[in-house]
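As stored in model_26.cif (mmCIF, C-alpha atoms):
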```
data_run
#
loop_
_atom_site.label_atom_id
_atom_site.label_comp_id
_atom_site.auth_asym_id
_atom_site.auth_seq_id
_atom_site.Cartn_x
_atom_site.Cartn_y
_atom_site.Cartn_z
CA MET A 1 -1.50 -9.68 -1.85
CA ILE A 2 -4.41 -7.31 -2.38
CA VAL A 3 -3.62 -3.77 -3.41
CA SER A 4 -6.54 -1.51 -2.69
CA ARG A 5 -7.48 1.56 -4.71
CA PRO A 6 -5.75 2.62 -7.95
CA PHE A 7 -2.04 2.14 -7.44
CA ALA A 8 -0.11 3.99 -10.13
CA ARG A 9 3.04 1.91 -9.78
CA ARG A 10 1.51 -1.56 -9.66
CA ARG A 11 3.50 -2.60 -12.74
CA LYS A 12 6.85 -1.58 -11.20
CA LEU A 13 5.97 -3.38 -8.00
CA GLN A 14 5.06 -6.48 -10.00
CA LEU A 15 8.39 -6.27 -11.87
CA MET A 16 10.26 -6.14 -8.55
CA LEU A 17 8.24 -8.99 -7.02
CA THR A 18 7.99 -11.37 -9.95
CA ASP A 19 6.85 -14.31 -7.81
CA CYS A 20 4.12 -12.32 -6.07
CA GLN A 21 0.56 -12.30 -7.36
CA ILE A 22 -0.87 -8.81 -6.99
CA PHE A 23 -4.62 -8.36 -7.02
CA LEU A 24 -5.84 -4.82 -7.68
CA ASP A 25 -9.50 -4.44 -6.83
CA VAL A 26 -10.36 -1.93 -9.58
CA ASP A 27 -8.67 -4.09 -12.26
CA ASP A 28 -9.19 -7.65 -11.09
CA LEU A 29 -12.46 -7.80 -9.15
CA ASP A 30 -15.06 -9.14 -11.58
CA ASP A 31 -17.84 -9.40 -9.00
CA VAL A 32 -18.00 -7.05 -6.00
CA GLY A 33 -19.89 -9.78 -4.17
CA LYS A 34 -16.62 -11.77 -4.08
CA LEU A 35 -14.69 -9.00 -2.31
CA GLU A 36 -14.54 -10.77 1.04
CA HIS A 37 -13.50 -14.02 -0.68
CA TYR A 38 -10.48 -12.27 -2.21
CA VAL A 39 -9.52 -10.73 1.12
CA GLU A 40 -9.77 -14.12 2.84
CA ALA A 41 -7.55 -15.70 0.14
CA THR A 42 -4.78 -13.10 0.35
CA GLY A 43 -1.64 -13.01 2.46
CA HIS A 44 -1.31 -9.22 2.80
CA VAL A 45 -3.58 -6.25 2.23
CA LEU A 46 -1.93 -3.05 1.01
CA ILE A 47 -4.18 -0.02 1.42
CA PHE A 48 -3.56 3.26 -0.33
CA LEU A 49 -5.04 5.49 2.37
CA SER A 50 -6.70 8.69 1.25
CA THR A 51 -10.04 10.39 1.74
CA GLY A 52 -11.36 8.50 -1.27
CA TYR A 53 -10.61 5.15 0.34
CA LEU A 54 -12.57 5.94 3.48
CA GLN A 55 -15.49 7.33 1.46
CA SER A 56 -15.93 4.09 -0.47
CA ARG A 57 -18.43 1.61 0.93
CA ASN A 58 -16.64 -1.30 -0.77
CA CYS A 59 -13.24 -0.21 0.51
CA LEU A 60 -14.68 -0.17 4.02
CA ARG A 61 -16.06 -3.69 3.41
CA GLU A 62 -12.59 -4.77 2.37
CA LEU A 63 -11.02 -3.17 5.44
CA ARG A 64 -13.65 -4.68 7.74
CA CYS A 65 -12.97 -8.16 6.34
CA ALA A 66 -9.20 -7.71 6.59
CA VAL A 67 -9.50 -6.61 10.22
CA ASP A 68 -11.95 -9.38 11.11
CA LYS A 69 -9.74 -12.01 9.45
CA LYS A 70 -6.62 -10.50 11.06
CA LYS A 71 -4.89 -10.03 7.71
CA PRO A 72 -1.57 -8.17 7.80
CA LEU A 73 -2.10 -4.60 6.64
CA LEU A 74 0.40 -2.27 5.01
CA ILE A 75 -0.77 1.32 4.72
CA VAL A 76 0.56 3.56 1.97
CA ARG A 77 -0.40 7.11 2.88
CA GLU A 78 -0.99 9.84 0.36
CA THR A 79 1.14 12.87 1.22
CA GLU A 80 -0.49 15.57 -0.93
CA ARG A 81 -3.45 17.27 0.66
CA ALA A 82 -5.02 18.02 -2.74
CA ARG A 83 -4.99 14.30 -3.53
CA GLY A 84 -6.58 13.16 -0.29
CA ALA A 85 -3.86 13.10 2.36
CA MET A 86 -5.36 12.75 5.83
CA SER A 87 -4.15 13.41 9.34
CA ASP A 88 -4.56 10.69 11.97
CA GLU A 89 -7.43 12.66 13.47
CA GLU A 90 -9.18 12.85 10.09
CA VAL A 91 -8.80 9.07 9.73
CA ARG A 92 -10.47 8.62 13.14
CA GLU A 93 -13.27 11.02 12.18
CA ALA A 94 -13.84 9.30 8.82
CA CYS A 95 -14.13 5.90 10.51
CA GLY A 96 -16.67 7.28 12.97
CA LYS A 97 -18.02 4.69 15.36
CA GLU A 98 -15.89 1.96 13.80
CA THR A 99 -12.96 2.81 16.02
CA ASP A 100 -11.39 -0.62 15.50
CA LEU A 101 -10.99 0.20 11.79
CA ALA A 102 -9.29 3.51 12.57
CA LYS A 103 -7.04 1.75 15.07
CA ALA A 104 -6.12 -0.92 12.51
CA LEU A 105 -5.27 1.72 9.91
CA LEU A 106 -3.21 3.84 12.28
CA ASP A 107 -1.44 0.95 14.04
CA ALA A 108 -0.42 -0.87 10.84
CA PRO A 109 3.00 -0.26 9.29
CA GLN A 110 2.89 2.86 7.12
CA ILE A 111 4.79 4.10 4.10
CA GLU A 112 4.44 7.61 2.70
CA TRP A 113 3.57 7.95 -0.98
CA PHE A 114 5.11 10.89 -2.81
CA ARG A 115 4.37 12.01 -6.36
CA ILE A 116 7.96 12.73 -7.43
CA SER A 117 9.17 9.73 -9.44
CA GLN A 118 12.36 8.97 -7.48
CA PHE A 119 10.53 9.20 -4.16
CA GLN A 120 7.82 6.88 -5.54
CA GLN A 121 10.56 4.40 -6.36
CA MET A 122 11.78 4.57 -2.76
CA SER A 123 8.23 3.96 -1.56
CA LEU A 124 8.01 0.92 -3.84
CA LEU A 125 11.27 -0.43 -2.43
CA GLN A 126 9.97 0.08 1.11
CA ILE A 127 6.76 -1.77 0.21
CA ALA A 128 8.66 -4.71 -1.28
CA ARG A 129 11.06 -4.88 1.63
CA HIS A 130 8.22 -4.75 4.15
CA LEU A 131 6.23 -7.50 2.45
CA PHE A 132 9.26 -9.78 2.13
CA PRO A 133 11.56 -9.04 5.08
CA THR A 134 14.40 -11.33 4.08
CA PRO A 135 18.09 -10.69 3.44
CA GLU A 136 17.33 -11.03 -0.28
CA ALA A 137 14.80 -8.18 -0.07
CA GLU A 138 17.58 -5.82 0.93
CA GLU A 139 19.13 -6.52 -2.47
CA LEU A 140 16.07 -5.28 -4.36
CA TYR A 141 16.55 -2.25 -6.52
CA ILE A 142 14.84 -0.53 -9.44
CA PRO A 143 17.00 -0.45 -12.57
CA GLY A 144 17.70 3.18 -13.38
CA GLY A 145 16.20 4.11 -10.02
CA PRO A 146 17.42 6.50 -7.37
CA SER A 147 21.04 6.55 -6.36
CA GLU A 148 22.31 6.24 -2.81
CA GLN A 149 21.97 10.01 -2.42
CA LEU A 150 18.90 11.98 -3.32
CA SER A 151 18.60 15.67 -2.50
CA GLY A 152 21.51 15.34 -0.08
CA CYS A 153 19.79 12.66 2.04
CA GLN A 154 21.36 9.28 2.65
CA LEU A 155 18.94 6.60 1.50
CA PRO A 156 19.22 2.89 2.33
CA VAL A 157 19.63 1.66 -1.25
CA PRO A 158 22.03 -1.26 -1.70
CA PRO A 159 24.62 -1.09 -4.48
CA ARG A 160 23.53 -2.61 -7.76
CA PRO A 161 24.97 -6.02 -8.64
#
```

Mind turning this structure into structure tokens?
Amino acid sequence: MIVSRPFARRRKLQLMLTDCQIFLDVDDLDDVGKLEHYVEATGHVLIFLSTGYLQSRNCLRELRCAVDKKKPLLIVRETERARGAMSDEEVREACGKETDLAKALLDAPQIEWFRISQFQQMSLLQIARHLFPTPEAEELYIPGGPSEQLSGCQLPVPPRP
């Protein structure tokens, strides 16, 4: 799986998905000329969508390759405006004439990314469960993570073993 753009909780995701190899472009790409090779070799592409992503020429190369190679995309959307959150219309505008890229971003499964720690943990669980939609994935949890209730909302977190 390729994780695109700095992903603050990569380590927690890796701890949850111990058998999954996670490639993070800013940490693991030793030669930008190999970007398309890494995309071709991956099973899933997780994109942290923000204004910064769509302003990066290399991120757009990565997205173009993923779309052309029909790689499964998972979009994690920034929710804070000050950190680059974008509306659907802003995504379309940023993609300009490359309407197929905007369509791929907006049509792919999406998970919201929040900055509050317990909500981040829920986003990580959603990511893991999306990438590995098996009965076992429903048993994933983060030790010391959020309980079944958070701010009065019922959350789909299974009981701990």

Could you tell me which residues the PyMOL selection byres ((chain A and resi 103) around 12) returns for this structure, as a list in words? Leu63, Arg64, Val67, Leu73, Asp88, Glu89, Val91, Arg92, Glu93, Ala94, Cys95, Gly96, Lys97, Glu98, Thr99, Asp100, Leu101, Ala102, Ala104, Leu105, Leu106, Asp107, Ala108 and Pro109 of chain A

Apply the PyMOL selection byres ((chain A and resi 43) around 9) to the file shown and report the selected residues as a PDB file with C-alpha atoms, keeping the file's coordinate frame.
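Final output, out_37.pdb:
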```
ATOM      1  CA  MET A   1      -1.500  -9.680  -1.850  1.00  0.00           C
ATOM      2  CA  ILE A   2      -4.410  -7.310  -2.380  1.00  0.00           C
ATOM      3  CA  VAL A  39      -9.520 -10.730   1.120  1.00  0.00           C
ATOM      4  CA  GLU A  40      -9.770 -14.120   2.840  1.00  0.00           C
ATOM      5  CA  ALA A  41      -7.550 -15.700   0.140  1.00  0.00           C
ATOM      6  CA  THR A  42      -4.780 -13.100   0.350  1.00  0.00           C
ATOM      7  CA  HIS A  44      -1.310  -9.220   2.800  1.00  0.00           C
ATOM      8  CA  VAL A  45      -3.580  -6.250   2.230  1.00  0.00           C
ATOM      9  CA  LYS A  71      -4.890 -10.030   7.710  1.00  0.00           C
ATOM     10  CA  PRO A  72      -1.570  -8.170   7.800  1.00  0.00           C
TER      11      PRO A  72
END
```

Between CA of Cys20 (chain A) and CA of Lys70 (chain A), what is the distance in Å, rounded to a tenth? 20.3 Å

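Here the PyMOL selection byres ((chain A and resi 36) around 10) captures the residues Val32, Gly33, Lys34, Leu35, His37, Tyr38, Val39, Glu40, Ala41, Asn58, Arg61, Glu62, Leu63, Arg64, Cys65, Ala66 and Lys69 of chain A.
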
Distance CA of Met122 (chain A)-CA of Gln55 (chain A), one decimal place? 27.7 Å

Just want the 12 Å neighbourhood of Gly52 (chain A), counted on only C-alpha atoms, with same-chain residues fewer than 6 positions away dropped. Output as an mmCIF file with C-alpha atoms, in the frame of the given file.
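Wrote around06.cif, looks like this:
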```
data_model
loop_
_atom_site.group_PDB
_atom_site.id
_atom_site.type_symbol
_atom_site.label_atom_id
_atom_site.label_comp_id
_atom_site.auth_asym_id
_atom_site.auth_seq_id
_atom_site.Cartn_x
_atom_site.Cartn_y
_atom_site.Cartn_z
ATOM 1 C CA SER A 4 -6.540 -1.510 -2.690
ATOM 2 C CA ARG A 5 -7.480 1.560 -4.710
ATOM 3 C CA PRO A 6 -5.750 2.620 -7.950
ATOM 4 C CA ASN A 58 -16.640 -1.300 -0.770
ATOM 5 C CA CYS A 59 -13.240 -0.210 0.510
ATOM 6 C CA LEU A 60 -14.680 -0.170 4.020
ATOM 7 C CA ARG A 77 -0.400 7.110 2.880
ATOM 8 C CA GLU A 78 -0.990 9.840 0.360
ATOM 9 C CA ARG A 81 -3.450 17.270 0.660
ATOM 10 C CA ALA A 82 -5.020 18.020 -2.740
ATOM 11 C CA ARG A 83 -4.990 14.300 -3.530
ATOM 12 C CA GLY A 84 -6.580 13.160 -0.290
ATOM 13 C CA ALA A 85 -3.860 13.100 2.360
ATOM 14 C CA MET A 86 -5.360 12.750 5.830
ATOM 15 C CA VAL A 91 -8.800 9.070 9.730
ATOM 16 C CA ALA A 94 -13.840 9.300 8.820
#
```

Atom-to-atom span, CA of Leu54 (chain A) and CA of Arg11 (chain A), Å: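 Calculated distance between CA of Leu54 (chain A) and CA of Arg11 (chain A) is 24.4 Å.
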